[in-house]
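**Student:** Please find one structure pasted underneath; my questions will follow.
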Amino acid sequence: MRAIVLAGGYGKRIMPLTHYKCKPMLPVANRPAIDYTVSRLRAAGVRDITFALGYRPRDVVEFTEGYADIRAEYSVEDEPLGTAGAVRAAARERDGDFIVCSADTLSDSDIGGLIEAHERGGGMVTIETTEVSDLGAYGEVISEDGVVRAVREKLPENVGRRGTASTGTYIVSARALAYVPENVPFDFARELFPYLLRLGKRICEHRTAGYWRDMGSLTDYFAANYEMREGAPFPAAKHIFRCHSRPKGSDLVADGAIVLGLTHNCIIGEDAVIESGARLESCIVLPGERVTGRMCNCVIGRDFAADPLLDGVNLRNVDNSSNIFHLFASINL
């Protein structure tokens, strides 16, 4: 079965990180987020992967061309087509079923189990779901005996309410994609799934209970780094360019990084330099950055240090006097 990996979004909610690098290529414990998705697919025996790209496509192409054990194709949209629209374009009129997953979601659930559930259920679509304590940031899936009755996308009244959320991983048949209009924005959860249900089409649910993290916010991105620092729960796909890291005291330090200052509980990216006068605690230093000064609980990148505990709104200069707010106000997305 071919997989289609959605890797084209802007990642506006975790700006400024995504101004310089697209969200699927942001490092998580010093591995690009997309590497975990590909490794999860390979653990299930999937080799044929189409990457649906949009924002900064070369970031993804240049990295994924380094995989030695997958057969990659690329579908690049000129204008945003939404999740379903991007998948229809990437499917290229192929028949059969497709695994659809996001390049910026981390999970240890077994895709093989999802495929088996899809084959048993006989639906046009099978949605992987998980139980969450706060539905406010996720799409809700309402089901009965494994059959989906309703899909509701990110409702304000769900904030703080426990329930069943879509993980963003699906098995979608070509028959379902035939209902997606060509070359116009169209979303799975907001448009396609509710439309199929109104037509009386069968959509099934596959419930999982393992690890799942949607990196939809700076807080989630920060947490994902520390959750993955001990290693992913599945074998890594073979990649000739992947950077390796090593523990150093309480830190995780990528190859090529130079640490001269004092650090504690930090994740330090490839070729980063921590100057002798720096003092860092619980910080993520992005690849290639040179850091001075004292910082705590920050994601440190070019011209900024973003504090996820303040919902990403606390942006400070790191190396120069440029006004980071003016920079990102000028970006037209």
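If you're wondering about the labels, chains in the structure tokens are A, B, ... by order shown, residues count from 1 in each chain, ligands from 1 in order shown.
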Show which residues sit within 10 Å of Ser217 (chain A), as a ChimeraX atom specification. Count only C-alpha atoms, and ignore same-chain residues fewer than 4 positions away.
**Tutor:** /A:11-15,137,221-223,308,311-312
**Student:** Tell me, counting only C-alpha atoms, for each residue of region 50-127 of chain A within 12 Å of region 233-242 of chain A, which pair of atoms is nearest and how far apart they are in Å to one decimal, in rows ordered by chain and increasing number, as a tab-separated table.
**Tutor:**
```
residue	atom	partner	partner_atom	distance
A:Glu62	CA	A:Phe241	CA	10.0
A:Phe63	CA	A:Phe241	CA	7.5
A:Thr64	CA	A:His239	CA	8.2
A:Glu65	CA	A:His239	CA	8.8
A:Gly66	CA	A:His239	CA	5.5
A:Tyr67	CA	A:His239	CA	4.4
A:Ala68	CA	A:Lys238	CA	5.5
A:Asp69	CA	A:Lys238	CA	6.0
A:Ile70	CA	A:Ala237	CA	8.5
A:Leu106	CA	A:Pro233	CA	10.3
A:Ser107	CA	A:Pro233	CA	8.8
A:Asp108	CA	A:Pro233	CA	6.2
A:Ser109	CA	A:Pro233	CA	9.5
A:Asp110	CA	A:Phe234	CA	9.8
A:Ile111	CA	A:Phe234	CA	11.7
```
**Student:** Report as a tab-separated table the residues of region 132-248 of chain A within 12 Å of region 253-269 of chain A, each with its shortest atom pair and distance in Å (one decimal), using only C-alpha atoms, ordered by chain and increasing residue number.
**Tutor:**
```
residue	atom	partner	partner_atom	distance
A:Phe222	CA	A:Ile267	CA	10.3
A:Ala223	CA	A:Ile267	CA	11.7
A:Ala224	CA	A:Ile267	CA	11.6
A:Asn225	CA	A:Ile267	CA	7.9
A:Tyr226	CA	A:Ile267	CA	8.1
A:Glu227	CA	A:Ile267	CA	11.5
A:Met228	CA	A:Ile267	CA	10.7
A:Arg229	CA	A:Ile267	CA	8.1
A:Glu230	CA	A:Ile267	CA	11.3
A:Phe241	CA	A:Asp255	CA	12.0
A:Arg242	CA	A:Asp255	CA	10.3
A:Cys243	CA	A:Asp255	CA	6.7
A:His244	CA	A:Asp255	CA	5.8
A:Ser245	CA	A:Ala254	CA	4.0
A:Arg246	CA	A:Val253	CA	5.4
A:Pro247	CA	A:Val253	CA	6.2
A:Lys248	CA	A:Val253	CA	6.5
```
**Student:** Quick one: write out the picked residues with N, CA, C and O atoms as a PDB file, in the first residue's frame?
**Tutor:**
```pdb
ATOM      1  N   PHE A 222       8.039  21.812  21.903  1.00  0.00           N
ATOM      2  CA  PHE A 222       9.001  21.748  23.000  1.00  0.00           C
ATOM      3  C   PHE A 222       8.883  20.399  23.722  1.00  0.00           C
ATOM      4  O   PHE A 222       9.881  19.714  23.979  1.00  0.00           O
ATOM      5  N   ALA A 223       7.649  19.994  24.027  1.00  0.00           N
ATOM      6  CA  ALA A 223       7.431  18.734  24.739  1.00  0.00           C
ATOM      7  C   ALA A 223       7.893  17.537  23.911  1.00  0.00           C
ATOM      8  O   ALA A 223       8.488  16.589  24.433  1.00  0.00           O
ATOM      9  N   ALA A 224       7.618  17.563  22.594  1.00  0.00           N
ATOM     10  CA  ALA A 224       7.989  16.450  21.727  1.00  0.00           C
ATOM     11  C   ALA A 224       9.489  16.205  21.738  1.00  0.00           C
ATOM     12  O   ALA A 224       9.954  15.050  21.706  1.00  0.00           O
ATOM     13  N   ASN A 225      10.271  17.269  21.775  1.00  0.00           N
ATOM     14  CA  ASN A 225      11.717  17.111  21.801  1.00  0.00           C
ATOM     15  C   ASN A 225      12.172  16.318  23.009  1.00  0.00           C
ATOM     16  O   ASN A 225      13.023  15.418  22.896  1.00  0.00           O
ATOM     17  N   TYR A 226      11.614  16.629  24.160  1.00  0.00           N
ATOM     18  CA  TYR A 226      12.049  15.936  25.365  1.00  0.00           C
ATOM     19  C   TYR A 226      11.453  14.530  25.454  1.00  0.00           C
ATOM     20  O   TYR A 226      12.072  13.629  26.038  1.00  0.00           O
ATOM     21  N   GLU A 227      10.281  14.323  24.867  1.00  0.00           N
ATOM     22  CA  GLU A 227       9.705  12.975  24.842  1.00  0.00           C
ATOM     23  C   GLU A 227      10.483  12.047  23.917  1.00  0.00           C
ATOM     24  O   GLU A 227      10.561  10.839  24.156  1.00  0.00           O
ATOM     25  N   MET A 228      11.074  12.581  22.863  1.00  0.00           N
ATOM     26  CA  MET A 228      11.804  11.761  21.896  1.00  0.00           C
ATOM     27  C   MET A 228      13.299  11.681  22.180  1.00  0.00           C
ATOM     28  O   MET A 228      14.014  10.959  21.492  1.00  0.00           O
ATOM     29  N   ARG A 229      13.778  12.387  23.188  1.00  0.00           N
ATOM     30  CA  ARG A 229      15.233  12.437  23.399  1.00  0.00           C
ATOM     31  C   ARG A 229      15.816  11.079  23.780  1.00  0.00           C
ATOM     32  O   ARG A 229      17.008  10.823  23.561  1.00  0.00           O
ATOM     33  N   GLU A 230      15.007  10.187  24.338  1.00  0.00           N
ATOM     34  CA  GLU A 230      15.502   8.861  24.703  1.00  0.00           C
ATOM     35  C   GLU A 230      15.467   7.887  23.530  1.00  0.00           C
ATOM     36  O   GLU A 230      15.871   6.744  23.660  1.00  0.00           O
ATOM     37  N   PHE A 241      22.108  10.748   5.439  1.00  0.00           N
ATOM     38  CA  PHE A 241      22.484  12.077   5.917  1.00  0.00           C
ATOM     39  C   PHE A 241      22.036  12.355   7.347  1.00  0.00           C
ATOM     40  O   PHE A 241      22.234  13.444   7.844  1.00  0.00           O
ATOM     41  N   ARG A 242      21.405  11.402   8.009  1.00  0.00           N
ATOM     42  CA  ARG A 242      20.851  11.700   9.327  1.00  0.00           C
ATOM     43  C   ARG A 242      21.949  12.050  10.323  1.00  0.00           C
ATOM     44  O   ARG A 242      22.955  11.345  10.426  1.00  0.00           O
ATOM     45  N   CYS A 243      21.734  13.138  11.033  1.00  0.00           N
ATOM     46  CA  CYS A 243      22.676  13.541  12.072  1.00  0.00           C
ATOM     47  C   CYS A 243      22.487  12.656  13.305  1.00  0.00           C
ATOM     48  O   CYS A 243      21.363  12.322  13.672  1.00  0.00           O
ATOM     49  N   HIS A 244      23.575  12.284  13.949  1.00  0.00           N
ATOM     50  CA  HIS A 244      23.507  11.483  15.159  1.00  0.00           C
ATOM     51  C   HIS A 244      23.840  12.344  16.382  1.00  0.00           C
ATOM     52  O   HIS A 244      24.542  13.352  16.274  1.00  0.00           O
ATOM     53  N   SER A 245      23.319  11.938  17.510  1.00  0.00           N
ATOM     54  CA  SER A 245      23.513  12.673  18.761  1.00  0.00           C
ATOM     55  C   SER A 245      24.050  11.740  19.824  1.00  0.00           C
ATOM     56  O   SER A 245      23.974  10.509  19.711  1.00  0.00           O
ATOM     57  N   ARG A 246      24.575  12.363  20.879  1.00  0.00           N
ATOM     58  CA  ARG A 246      25.097  11.573  21.990  1.00  0.00           C
ATOM     59  C   ARG A 246      24.735  12.252  23.308  1.00  0.00           C
ATOM     60  O   ARG A 246      24.675  13.484  23.368  1.00  0.00           O
ATOM     61  N   PRO A 247      24.504  11.473  24.352  1.00  0.00           N
ATOM     62  CA  PRO A 247      24.295  12.087  25.659  1.00  0.00           C
ATOM     63  C   PRO A 247      25.597  12.702  26.158  1.00  0.00           C
ATOM     64  O   PRO A 247      26.688  12.150  25.967  1.00  0.00           O
ATOM     65  N   LYS A 248      25.477  13.865  26.783  1.00  0.00           N
ATOM     66  CA  LYS A 248      26.627  14.505  27.420  1.00  0.00           C
ATOM     67  C   LYS A 248      26.134  15.102  28.725  1.00  0.00           C
ATOM     68  O   LYS A 248      25.525  16.165  28.742  1.00  0.00           O
TER      69      LYS A 248
END
```
**Student:** Pull the strand (DSSP E or B) assignments for region 110-220 of chain A out of DSSP run on the backbone, and list those residues as a compact mmCIF listing (two decimals) with N, CA and C atoms, in the first residue's frame.
**Tutor:**
```
# COMPACT_ATOMS: atom_id res chain seq x y z
N VAL A 125 -13.22 4.79 4.19
CA VAL A 125 -12.17 5.44 4.97
C VAL A 125 -12.11 4.77 6.33
N THR A 126 -10.90 4.65 6.89
CA THR A 126 -10.75 4.28 8.29
C THR A 126 -9.91 5.36 8.97
N ILE A 127 -10.44 5.91 10.05
CA ILE A 127 -9.80 7.00 10.78
C ILE A 127 -9.15 6.43 12.04
N GLU A 128 -7.86 6.67 12.21
CA GLU A 128 -7.20 6.31 13.46
C GLU A 128 -7.54 7.36 14.51
N THR A 129 -7.92 6.92 15.70
CA THR A 129 -8.32 7.84 16.77
C THR A 129 -7.58 7.51 18.06
N THR A 130 -7.61 8.47 18.98
CA THR A 130 -7.03 8.27 20.29
C THR A 130 -7.81 9.10 21.30
N GLU A 131 -7.75 8.71 22.56
CA GLU A 131 -8.43 9.45 23.64
C GLU A 131 -7.54 10.61 24.09
N VAL A 132 -8.11 11.80 24.20
CA VAL A 132 -7.35 12.98 24.67
C VAL A 132 -8.10 13.64 25.82
N GLY A 139 -9.77 17.58 16.14
CA GLY A 139 -11.05 17.17 15.57
C GLY A 139 -11.62 16.00 16.35
N GLU A 140 -12.93 16.06 16.63
CA GLU A 140 -13.59 15.01 17.41
C GLU A 140 -14.23 13.98 16.48
N VAL A 141 -14.09 12.70 16.85
CA VAL A 141 -14.70 11.61 16.10
C VAL A 141 -15.71 10.91 17.01
N ILE A 142 -16.96 10.86 16.56
CA ILE A 142 -18.02 10.19 17.31
C ILE A 142 -18.36 8.90 16.57
N SER A 143 -18.27 7.78 17.30
CA SER A 143 -18.47 6.49 16.64
C SER A 143 -19.32 5.57 17.50
N GLU A 144 -19.77 4.50 16.87
CA GLU A 144 -20.56 3.47 17.56
C GLU A 144 -20.18 2.12 16.97
N VAL A 147 -17.94 2.19 13.91
CA VAL A 147 -18.42 2.90 12.73
C VAL A 147 -18.60 4.37 13.08
N VAL A 148 -18.02 5.24 12.29
CA VAL A 148 -18.05 6.68 12.57
C VAL A 148 -19.44 7.23 12.25
N ARG A 149 -19.98 8.00 13.20
CA ARG A 149 -21.28 8.65 13.01
C ARG A 149 -21.15 10.14 12.73
N ALA A 150 -20.08 10.76 13.24
CA ALA A 150 -19.90 12.19 13.02
C ALA A 150 -18.43 12.55 13.21
N VAL A 151 -17.99 13.57 12.48
CA VAL A 151 -16.66 14.15 12.63
C VAL A 151 -16.84 15.65 12.81
N ARG A 152 -16.32 16.17 13.91
CA ARG A 152 -16.50 17.60 14.21
C ARG A 152 -15.12 18.22 14.44
N GLU A 153 -14.84 19.30 13.72
CA GLU A 153 -13.51 19.88 13.72
C GLU A 153 -13.37 21.03 14.70
N GLY A 163 -12.32 13.42 25.24
CA GLY A 163 -13.04 12.76 24.17
C GLY A 163 -12.12 12.05 23.20
N THR A 164 -12.67 11.64 22.08
CA THR A 164 -11.94 10.88 21.06
C THR A 164 -11.55 11.80 19.92
N ALA A 165 -10.26 11.86 19.65
CA ALA A 165 -9.74 12.75 18.60
C ALA A 165 -9.18 11.94 17.44
N SER A 166 -9.28 12.51 16.27
CA SER A 166 -8.58 11.96 15.11
C SER A 166 -7.09 12.23 15.25
N THR A 167 -6.27 11.22 14.95
CA THR A 167 -4.82 11.40 15.01
C THR A 167 -4.26 12.01 13.73
N GLY A 168 -5.09 12.13 12.71
CA GLY A 168 -4.60 12.63 11.43
C GLY A 168 -4.00 11.56 10.55
N THR A 169 -4.13 10.29 10.97
CA THR A 169 -3.69 9.16 10.15
C THR A 169 -4.92 8.40 9.68
N TYR A 170 -4.99 8.14 8.37
CA TYR A 170 -6.17 7.50 7.79
C TYR A 170 -5.74 6.44 6.77
N ILE A 171 -6.67 5.54 6.50
CA ILE A 171 -6.63 4.77 5.25
C ILE A 171 -7.78 5.30 4.40
N VAL A 172 -7.47 5.77 3.21
CA VAL A 172 -8.46 6.41 2.34
C VAL A 172 -8.46 5.68 1.00
N SER A 173 -9.63 5.30 0.54
CA SER A 173 -9.73 4.61 -0.75
C SER A 173 -9.80 5.62 -1.89
N ILE A 203 -17.64 4.95 7.06
CA ILE A 203 -16.34 5.34 7.57
C ILE A 203 -16.12 4.60 8.89
N CYS A 204 -14.99 3.96 9.03
CA CYS A 204 -14.71 3.16 10.22
C CYS A 204 -13.67 3.86 11.10
N GLU A 205 -13.62 3.42 12.35
CA GLU A 205 -12.68 3.96 13.33
C GLU A 205 -11.75 2.86 13.80
N HIS A 206 -10.49 3.21 14.00
CA HIS A 206 -9.51 2.30 14.62
C HIS A 206 -8.90 3.03 15.80
N ARG A 207 -9.24 2.59 17.01
CA ARG A 207 -8.81 3.27 18.24
C ARG A 207 -7.42 2.78 18.65
N THR A 208 -6.54 3.69 19.00
CA THR A 208 -5.21 3.35 19.50
C THR A 208 -5.03 3.97 20.88
N TRP A 212 1.10 9.64 21.21
CA TRP A 212 0.71 10.49 20.08
C TRP A 212 0.92 11.95 20.48
N ARG A 213 1.57 12.70 19.60
CA ARG A 213 1.80 14.11 19.84
C ARG A 213 1.67 14.87 18.53
N ASP A 214 0.70 15.78 18.47
CA ASP A 214 0.53 16.66 17.33
C ASP A 214 1.29 17.95 17.62
```
**Student:** Tell me, as a PyMOL selection string, which residues lie within 10 Å of Leu41 (chain A), counting only C-alpha atoms; anything in the same chain fewer than 2 positions away does not count.
**Tutor:** chain A and resi 2-3+5+35-39+43-49+70+99+101+110-112+234+237
**Student:** Using N, CA, C and O atoms, can you write the selected residues to a file as a short mmCIF file (atom, residue, chain, number, x, y, z; two decimals), in the first residue's frame?
**Tutor:**
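What follows is the written file result27.cif:
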```cif
data_model
loop_
_atom_site.label_atom_id
_atom_site.label_comp_id
_atom_site.auth_asym_id
_atom_site.auth_seq_id
_atom_site.Cartn_x
_atom_site.Cartn_y
_atom_site.Cartn_z
N ARG A 2 0.55 2.21 -0.85
CA ARG A 2 1.31 3.46 -0.92
C ARG A 2 0.88 4.40 0.19
O ARG A 2 -0.30 4.45 0.54
N ALA A 3 1.84 5.11 0.75
CA ALA A 3 1.55 6.14 1.75
C ALA A 3 1.68 7.51 1.11
O ALA A 3 2.52 7.73 0.23
N VAL A 5 2.29 11.29 2.54
CA VAL A 5 2.68 12.05 3.74
C VAL A 5 2.43 13.52 3.48
O VAL A 5 3.00 14.11 2.55
N ASP A 35 11.34 12.44 9.75
CA ASP A 35 12.09 11.19 9.86
C ASP A 35 11.35 10.19 10.74
O ASP A 35 11.38 8.98 10.48
N TYR A 36 10.65 10.66 11.76
CA TYR A 36 9.87 9.77 12.61
C TYR A 36 8.69 9.18 11.84
O TYR A 36 8.35 8.00 11.99
N THR A 37 8.05 10.01 11.00
CA THR A 37 6.93 9.53 10.21
C THR A 37 7.37 8.47 9.21
O THR A 37 6.73 7.41 9.08
N VAL A 38 8.46 8.73 8.52
CA VAL A 38 8.97 7.74 7.55
C VAL A 38 9.39 6.46 8.26
O VAL A 38 9.12 5.35 7.79
N SER A 39 10.04 6.58 9.41
CA SER A 39 10.45 5.40 10.16
C SER A 39 9.25 4.59 10.63
O SER A 39 9.28 3.35 10.62
N ALA A 43 8.54 0.74 9.54
CA ALA A 43 8.32 -0.31 10.54
C ALA A 43 7.12 -1.16 10.18
O ALA A 43 7.03 -2.33 10.58
N ALA A 44 6.18 -0.59 9.41
CA ALA A 44 5.00 -1.34 8.97
C ALA A 44 5.21 -1.97 7.59
O ALA A 44 4.27 -2.53 7.02
N GLY A 45 6.42 -1.88 7.07
CA GLY A 45 6.72 -2.50 5.78
C GLY A 45 6.40 -1.65 4.57
O GLY A 45 6.45 -2.14 3.44
N VAL A 46 6.09 -0.37 4.78
CA VAL A 46 5.73 0.51 3.66
C VAL A 46 7.00 1.07 3.03
O VAL A 46 7.86 1.62 3.72
N ARG A 47 7.10 0.95 1.72
CA ARG A 47 8.27 1.46 0.99
C ARG A 47 7.93 2.58 0.01
O ARG A 47 8.77 3.42 -0.30
N ASP A 48 6.71 2.58 -0.50
CA ASP A 48 6.32 3.55 -1.52
C ASP A 48 5.63 4.74 -0.86
O ASP A 48 4.53 4.60 -0.30
N ILE A 49 6.27 5.91 -0.91
CA ILE A 49 5.77 7.08 -0.21
C ILE A 49 5.76 8.27 -1.17
O ILE A 49 6.77 8.57 -1.83
N ILE A 70 13.33 3.53 0.86
CA ILE A 70 11.98 3.86 0.39
C ILE A 70 12.06 4.27 -1.08
O ILE A 70 13.13 4.58 -1.60
N ILE A 99 -2.45 5.00 2.61
CA ILE A 99 -2.21 5.44 3.98
C ILE A 99 -1.93 6.94 3.91
O ILE A 99 -1.09 7.38 3.14
N CYS A 101 -0.85 10.20 6.28
CA CYS A 101 -0.39 10.63 7.60
C CYS A 101 0.33 11.96 7.48
O CYS A 101 0.69 12.40 6.38
N ASP A 110 0.71 1.24 15.59
CA ASP A 110 1.06 0.30 14.54
C ASP A 110 0.21 0.55 13.29
O ASP A 110 -1.01 0.33 13.31
N ILE A 111 0.84 0.99 12.23
CA ILE A 111 0.10 1.22 10.99
C ILE A 111 -0.40 -0.09 10.41
O ILE A 111 -1.46 -0.14 9.77
N GLY A 112 0.32 -1.17 10.67
CA GLY A 112 -0.17 -2.48 10.22
C GLY A 112 -1.51 -2.81 10.83
O GLY A 112 -2.40 -3.37 10.16
N PHE A 234 10.48 2.99 17.46
CA PHE A 234 10.52 2.11 16.29
C PHE A 234 11.87 2.30 15.60
O PHE A 234 12.53 3.33 15.75
N ALA A 237 14.42 4.50 9.83
CA ALA A 237 14.62 4.20 8.42
C ALA A 237 16.07 4.52 8.05
O ALA A 237 16.70 5.37 8.67
#
```
**Student:** Pick out the residues sitting within 7 Å of Thr50 (chain A), and hand them over as a list of chain:residue names; count only C-alpha atoms, and ignore anything fewer than 2 positions along from it in its own chain.
**Tutor:**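 The neighbour list is A:Ala3, A:Ile4, A:Val5, A:Asp48, A:Ala52, A:Ala72, A:Glu73, A:Tyr74, A:Ser75, A:Ala90.
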**Student:** When you draw a straight line from CA of Arg290 (chain A) to CA of Asn30 (chain A), how long is it in Å?
**Tutor:**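 Separating CA of Arg290 (chain A) from CA of Asn30 (chain A) is a distance of 16.0 Å.
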**Student:** Need to verify the contact set: Asp95 (chain A), 9 Å, only C-alpha atoms, exclusion of same-chain residues closer than 2 positions in sequence. Can you return it as a list in words?
**Tutor:**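 Once the adjacent positions are removed, what remains is Ala91, Glu93, Asp97, Phe98, Ser173, Ala174 and Arg175 of chain A.
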**Student:** Please report the interatomic distance between CA of Arg58 (chain A) and CA of Val291 (chain A) in Å with one decimal.
**Tutor:**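 Computing the Euclidean distance for CA of Arg58 (chain A) and CA of Val291 (chain A) yields 27.1 Å.
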